[in-house]
Amino acid sequence: MRLNPEKCVFGVRGGRFLGFMITSRGIEANPEKCEAIIHMQSPQTVKEVQRLAGRLVSLSRFIPKLAEKAGPIFTLLKKPKDFSWTDQCEAAFQSFKNFLTTPPILQRPDHNTDLLLYLAVAEGAISAVIVQEHQKAQTPIYFISRVLQDAERRYQMVEKLALALVTAARRLRPYFQSHQVVVKTDYPIKQILRKPELAGRMIAWSIELSEFRIRYESRGPLKAQCLADFLAELTLATTEEPQAWTLHVDGSSNSKGGGAGIILEGPNQIIVEQSLKFGFKATNNKAESEALLAGLRLARDLGARRVSCNSDSKIMVEQLSGTYQAKDALLQRYYHTATQQISSFDEFSIKHVPREQNTRADLLSKLASTKKPGEH
């Protein structure tokens, strides 16, 4: 290997490297790139918007939630013929100018310290930040974000968070490979990824993440001012007692087999859907009971303490309410198994609803019952 002396510098405290400023304080944004945006006039053409977008992307690792904040600006590039620089675009542009007057200083990762990963989700974008904690203070290492595709916008909140985790692992693969990564979240991402039958895409994500050393912990208090805005919208609603979860269950039995449909709705927009095919023959009453047991297991695994259940099976509801006693031995065994599971919750109630108010769970159960073996 040969070095060109004219391109080498030794014994310096800082300098420019790969477009960034490396100093004793850490990794800093190139002042020239920041000033190019600060002194830029409001774009009047699509070409000027493209120039602005390129400059923002070049500084993306320093800007929290870039894809979300620049949403109005990036939208102009999707419909160049309908170009219109709106008040929202101008507000986003001015916020970037103000932010880049004092951009954050990123730290080099310490290989002896865990990486802490925080996630954020908006309607049309996902974001993440990696930080490390030193002397009870958190310092950012890398910000990432990306715009959601049309299909991804329809994901449930927990699925979007799981996608943000997968995106971070792909973008920052060397960091994930060389460190223990601690995902700081109060959402049940870990439990969702351990139940790949909830959604086919979860199987691929779970396998992809399995190669890394990932641990999940409660988010806890923030210790860096630059993270406050990053995580503001993901603050979970807190009350003195656990919030109630709503469970919808339905079972289906036909000539092709049996299945269960389950919908679990929790606080903070958590919605989990499950469609299970039975590997055995089942009557309608048996299918309804199996659906309930599967729903109770799902609620327990996701940490629900108070559950309100809806079912269109009048027999099962009356049996659990104590107004009806089944004579069938199999239904009695289902009753005792269900009451044992119910006892693990702090509070549980069940009510009968008309089938038309339980259509989504009914659809999931019918979908499961007609699946072929091995289908997802």
# chains A, B, ... in the order shown; residues from 1 in each chain; ligands from 1

$ residues_around --residues "Arg153 in chain A" --least-positions-apart "6" --cutoff "10 Å" --atoms "only C-alpha atoms" --output "list of chain:residue names"
A:Ala122, A:Glu123, A:Gly124, A:Ala125, A:Ile126, A:Val147, A:Lys160

$ write_last_selection --atoms "C-alpha atoms" --output "PDB file, in the first residue's frame"
ATOM      1  CA  ALA A 122     -45.687   9.150  12.373  1.00  0.00           C
ATOM      2  CA  GLU A 123     -48.489   8.730   9.871  1.00  0.00           C
ATOM      3  CA  GLY A 124     -46.169   8.743   6.873  1.00  0.00           C
ATOM      4  CA  ALA A 125     -42.675   8.134   8.274  1.00  0.00           C
ATOM      5  CA  ILE A 126     -40.655   6.053  10.715  1.00  0.00           C
ATOM      6  CA  VAL A 147     -40.862   7.738   4.330  1.00  0.00           C
ATOM      7  CA  LYS A 160     -44.743   0.250  12.089  1.00  0.00           C
TER       8      LYS A 160
END

$ residues_around --residues "Leu292 in chain A" --least-positions-apart "5" --cutoff "8 Å" --atoms "only C-alpha atoms" --output "PyMOL selection string"
chain A and resi 249-250+338

$ residues_around --residues "Arg146 in chain A" --least-positions-apart "3" --cutoff "12 Å" --atoms "only C-alpha atoms" --output "number ranges by chain"
A: 57, 60-61, 63-71, 74, 120-128, 143, 149, 152, 160, 163-168, 171

$ closest_residue --among "A:Ser255, A:Thr246, A:Gln341, A:Asn30" --to "Thr101 in chain A" --atoms "only C-alpha atoms"
A:Asn30

$ residues_around --residues "Leu106 in chain A" --least-positions-apart "6" --cutoff "12 Å" --atoms "only C-alpha atoms" --output "PyMOL selection string"
chain A and resi 20-29+59+61-64+129-132+138-143+226

$ residues_around --residues "Lys195 in chain A" --least-positions-apart "3" --cutoff "10 Å" --atoms "only C-alpha atoms" --output "list of chain:residue names"
A:Lys190, A:Gln191, A:Ile192, A:Leu198, A:Ala199, A:Met202, A:Ile203, A:Ser206, A:Gln274, A:Leu298, A:Asp301

$ write_last_selection --atoms "all heavy atoms" --output "PDB file, in the first residue's frame"
ATOM      1  N   LYS A 190     -41.461  -7.018  21.193  1.00  0.00           N
ATOM      2  CA  LYS A 190     -40.855  -8.331  21.431  1.00  0.00           C
ATOM      3  C   LYS A 190     -41.891  -9.436  21.359  1.00  0.00           C
ATOM      4  O   LYS A 190     -41.685 -10.464  20.703  1.00  0.00           O
ATOM      5  CB  LYS A 190     -40.175  -8.330  22.811  1.00  0.00           C
ATOM      6  CG  LYS A 190     -39.565  -9.661  23.208  1.00  0.00           C
ATOM      7  CD  LYS A 190     -38.950  -9.561  24.593  1.00  0.00           C
ATOM      8  CE  LYS A 190     -38.388 -10.899  25.043  1.00  0.00           C
ATOM      9  NZ  LYS A 190     -37.809 -10.798  26.419  1.00  0.00           N
ATOM     10  N   GLN A 191     -43.033  -9.221  22.012  1.00  0.00           N
ATOM     11  CA  GLN A 191     -44.080 -10.245  22.021  1.00  0.00           C
ATOM     12  C   GLN A 191     -44.668 -10.442  20.627  1.00  0.00           C
ATOM     13  O   GLN A 191     -44.994 -11.569  20.235  1.00  0.00           O
ATOM     14  CB  GLN A 191     -45.182  -9.857  23.008  1.00  0.00           C
ATOM     15  CG  GLN A 191     -44.730  -9.849  24.464  1.00  0.00           C
ATOM     16  CD  GLN A 191     -44.134  -8.514  24.896  1.00  0.00           C
ATOM     17  OE1 GLN A 191     -43.625  -7.772  24.070  1.00  0.00           O
ATOM     18  NE2 GLN A 191     -44.212  -8.216  26.186  1.00  0.00           N
ATOM     19  N   ILE A 192     -44.801  -9.350  19.865  1.00  0.00           N
ATOM     20  CA  ILE A 192     -45.364  -9.453  18.521  1.00  0.00           C
ATOM     21  C   ILE A 192     -44.430 -10.257  17.616  1.00  0.00           C
ATOM     22  O   ILE A 192     -44.861 -11.126  16.851  1.00  0.00           O
ATOM     23  CB  ILE A 192     -45.592  -8.048  17.919  1.00  0.00           C
ATOM     24  CG1 ILE A 192     -46.667  -7.307  18.715  1.00  0.00           C
ATOM     25  CG2 ILE A 192     -45.982  -8.147  16.450  1.00  0.00           C
ATOM     26  CD1 ILE A 192     -48.036  -7.919  18.626  1.00  0.00           C
ATOM     27  N   LEU A 198     -49.151 -13.817  13.545  1.00  0.00           N
ATOM     28  CA  LEU A 198     -50.029 -12.647  13.529  1.00  0.00           C
ATOM     29  C   LEU A 198     -50.014 -11.965  12.168  1.00  0.00           C
ATOM     30  O   LEU A 198     -51.002 -11.407  11.733  1.00  0.00           O
ATOM     31  CB  LEU A 198     -49.604 -11.651  14.605  1.00  0.00           C
ATOM     32  CG  LEU A 198     -49.719 -12.142  16.056  1.00  0.00           C
ATOM     33  CD1 LEU A 198     -49.255 -11.063  17.008  1.00  0.00           C
ATOM     34  CD2 LEU A 198     -51.150 -12.533  16.370  1.00  0.00           C
ATOM     35  N   ALA A 199     -48.893 -11.983  11.479  1.00  0.00           N
ATOM     36  CA  ALA A 199     -48.791 -11.386  10.147  1.00  0.00           C
ATOM     37  C   ALA A 199     -47.622 -12.034   9.423  1.00  0.00           C
ATOM     38  O   ALA A 199     -46.550 -12.230  10.013  1.00  0.00           O
ATOM     39  CB  ALA A 199     -48.581  -9.867  10.230  1.00  0.00           C
ATOM     40  N   MET A 202     -44.105 -10.651   9.587  1.00  0.00           N
ATOM     41  CA  MET A 202     -43.394 -10.763  10.853  1.00  0.00           C
ATOM     42  C   MET A 202     -42.421 -11.947  10.857  1.00  0.00           C
ATOM     43  O   MET A 202     -41.412 -11.919  11.562  1.00  0.00           O
ATOM     44  CB  MET A 202     -44.387 -10.919  12.009  1.00  0.00           C
ATOM     45  CG  MET A 202     -45.190  -9.673  12.308  1.00  0.00           C
ATOM     46  SD  MET A 202     -44.170  -8.358  12.994  1.00  0.00           S
ATOM     47  CE  MET A 202     -45.430  -7.120  13.310  1.00  0.00           C
ATOM     48  N   ILE A 203     -42.731 -12.982  10.100  1.00  0.00           N
ATOM     49  CA  ILE A 203     -41.844 -14.142  10.045  1.00  0.00           C
ATOM     50  C   ILE A 203     -40.485 -13.721   9.496  1.00  0.00           C
ATOM     51  O   ILE A 203     -39.437 -14.026  10.078  1.00  0.00           O
ATOM     52  CB  ILE A 203     -42.462 -15.246   9.162  1.00  0.00           C
ATOM     53  CG1 ILE A 203     -43.791 -15.717   9.744  1.00  0.00           C
ATOM     54  CG2 ILE A 203     -41.496 -16.421   9.016  1.00  0.00           C
ATOM     55  CD1 ILE A 203     -44.510 -16.722   8.880  1.00  0.00           C
ATOM     56  N   SER A 206     -38.679 -11.325  11.974  1.00  0.00           N
ATOM     57  CA  SER A 206     -38.182 -12.032  13.151  1.00  0.00           C
ATOM     58  C   SER A 206     -36.906 -12.794  12.831  1.00  0.00           C
ATOM     59  O   SER A 206     -35.940 -12.781  13.605  1.00  0.00           O
ATOM     60  CB  SER A 206     -39.259 -12.982  13.677  1.00  0.00           C
ATOM     61  OG  SER A 206     -38.823 -13.646  14.844  1.00  0.00           O
ATOM     62  N   GLN A 274     -55.260 -11.803  14.702  1.00  0.00           N
ATOM     63  CA  GLN A 274     -54.721 -13.155  14.606  1.00  0.00           C
ATOM     64  C   GLN A 274     -55.742 -14.062  13.933  1.00  0.00           C
ATOM     65  O   GLN A 274     -56.938 -14.016  14.249  1.00  0.00           O
ATOM     66  CB  GLN A 274     -54.364 -13.689  15.993  1.00  0.00           C
ATOM     67  CG  GLN A 274     -53.563 -14.979  15.961  1.00  0.00           C
ATOM     68  CD  GLN A 274     -53.028 -15.346  17.336  1.00  0.00           C
ATOM     69  OE1 GLN A 274     -53.516 -14.855  18.342  1.00  0.00           O
ATOM     70  NE2 GLN A 274     -52.030 -16.198  17.376  1.00  0.00           N
ATOM     71  N   LEU A 298     -53.222 -14.594  23.951  1.00  0.00           N
ATOM     72  CA  LEU A 298     -52.633 -13.435  23.281  1.00  0.00           C
ATOM     73  C   LEU A 298     -52.655 -12.220  24.203  1.00  0.00           C
ATOM     74  O   LEU A 298     -51.649 -11.499  24.317  1.00  0.00           O
ATOM     75  CB  LEU A 298     -53.398 -13.143  21.994  1.00  0.00           C
ATOM     76  CG  LEU A 298     -52.935 -11.916  21.197  1.00  0.00           C
ATOM     77  CD1 LEU A 298     -51.508 -12.092  20.715  1.00  0.00           C
ATOM     78  CD2 LEU A 298     -53.873 -11.673  20.007  1.00  0.00           C
ATOM     79  N   ASP A 301     -50.015 -12.650  26.893  1.00  0.00           N
ATOM     80  CA  ASP A 301     -48.655 -12.507  26.371  1.00  0.00           C
ATOM     81  C   ASP A 301     -48.294 -11.052  26.098  1.00  0.00           C
ATOM     82  O   ASP A 301     -47.120 -10.664  26.190  1.00  0.00           O
ATOM     83  CB  ASP A 301     -48.492 -13.318  25.085  1.00  0.00           C
ATOM     84  CG  ASP A 301     -48.533 -14.822  25.330  1.00  0.00           C
ATOM     85  OD1 ASP A 301     -48.380 -15.227  26.506  1.00  0.00           O
ATOM     86  OD2 ASP A 301     -48.712 -15.578  24.358  1.00  0.00           O
TER      87      ASP A 301
END

$ closest_residue --among "A:Cys34, A:Lys286, A:Leu363, A:Ala304" --to "Ala329 in chain A" --atoms "only C-alpha atoms"
A:Lys286

$ residues_around --residues "Arg360 in chain A" --least-positions-apart "6" --cutoff "12 Å" --atoms "only C-alpha atoms" --output "compact mmCIF listing (two decimals) with C-alpha atoms, in the first residue's frame"
# COMPACT_ATOMS: atom_id res chain seq x y z
CA LEU A 247 -60.89 -8.58 22.81
CA HIS A 248 -63.05 -9.74 19.87
CA VAL A 249 -63.16 -13.49 19.23
CA ASP A 250 -65.00 -15.73 16.81
CA GLY A 251 -64.74 -19.37 15.73
CA ALA A 260 -60.37 -18.75 14.94
CA GLY A 261 -60.40 -15.01 14.41
CA ILE A 262 -59.02 -12.74 17.14
CA ILE A 263 -58.75 -8.94 17.39
CA LEU A 264 -57.07 -7.39 20.44
CA GLU A 273 -55.17 -9.38 14.62
CA GLN A 274 -54.72 -13.15 14.61
CA SER A 275 -56.12 -15.81 12.28
CA ASN A 310 -66.89 -9.55 22.87
CA SER A 311 -68.28 -12.71 21.28
CA ASP A 312 -71.28 -13.58 19.15
CA LYS A 366 -63.58 -17.98 8.12
CA LEU A 367 -60.32 -17.08 6.38

$ closest_residue --among "A:Lys136, A:Ala291, A:Leu296, A:Gly322" --to "Ala361 in chain A" --atoms "only C-alpha atoms"
A:Ala291

$ atom_distance --atom1 "CA of His336 in chain A" --atom2 "CA of Thr323 in chain A"
15.2 Å

$ select_by_dssp --residues "range 75-109 of chain A" --states "helix (DSSP H, G or I)" --output "count of residues only"
20

$ select_by_dssp --residues "range 44-266 of chain A" --states "strand (DSSP E or B)" --output "MDAnalysis selection string"
chainID A and resid 106 115:121 125:134 137:147 181:184 214:217 244:254 257:265

$ atom_distance --atom1 "CA of Leu276 in chain A" --atom2 "CA of Gly259 in chain A"
5.4 Å

$ residues_around --residues "range 46-53 of chain A" --least-positions-apart "4" --cutoff "10 Å" --atoms "only C-alpha atoms" --output "ChimeraX atom specification"
/A:36-37,40-42,57-58,70,73-74,76-77,79-85,93

$ atom_distance --atom1 "CA of Lys184 in chain A" --atom2 "CA of Ala299 in chain A"
21.5 Å

$ closest_residue --among "A:Arg194, A:Arg355, A:Arg219, A:Arg55" --to "Lys33 in chain A" --atoms "only C-alpha atoms"
A:Arg55

$ closest_residue --among "A:Phe278, A:Phe348, A:Phe17, A:Tyr334" --to "Ser321 in chain A" --atoms "only C-alpha atoms"
A:Phe348
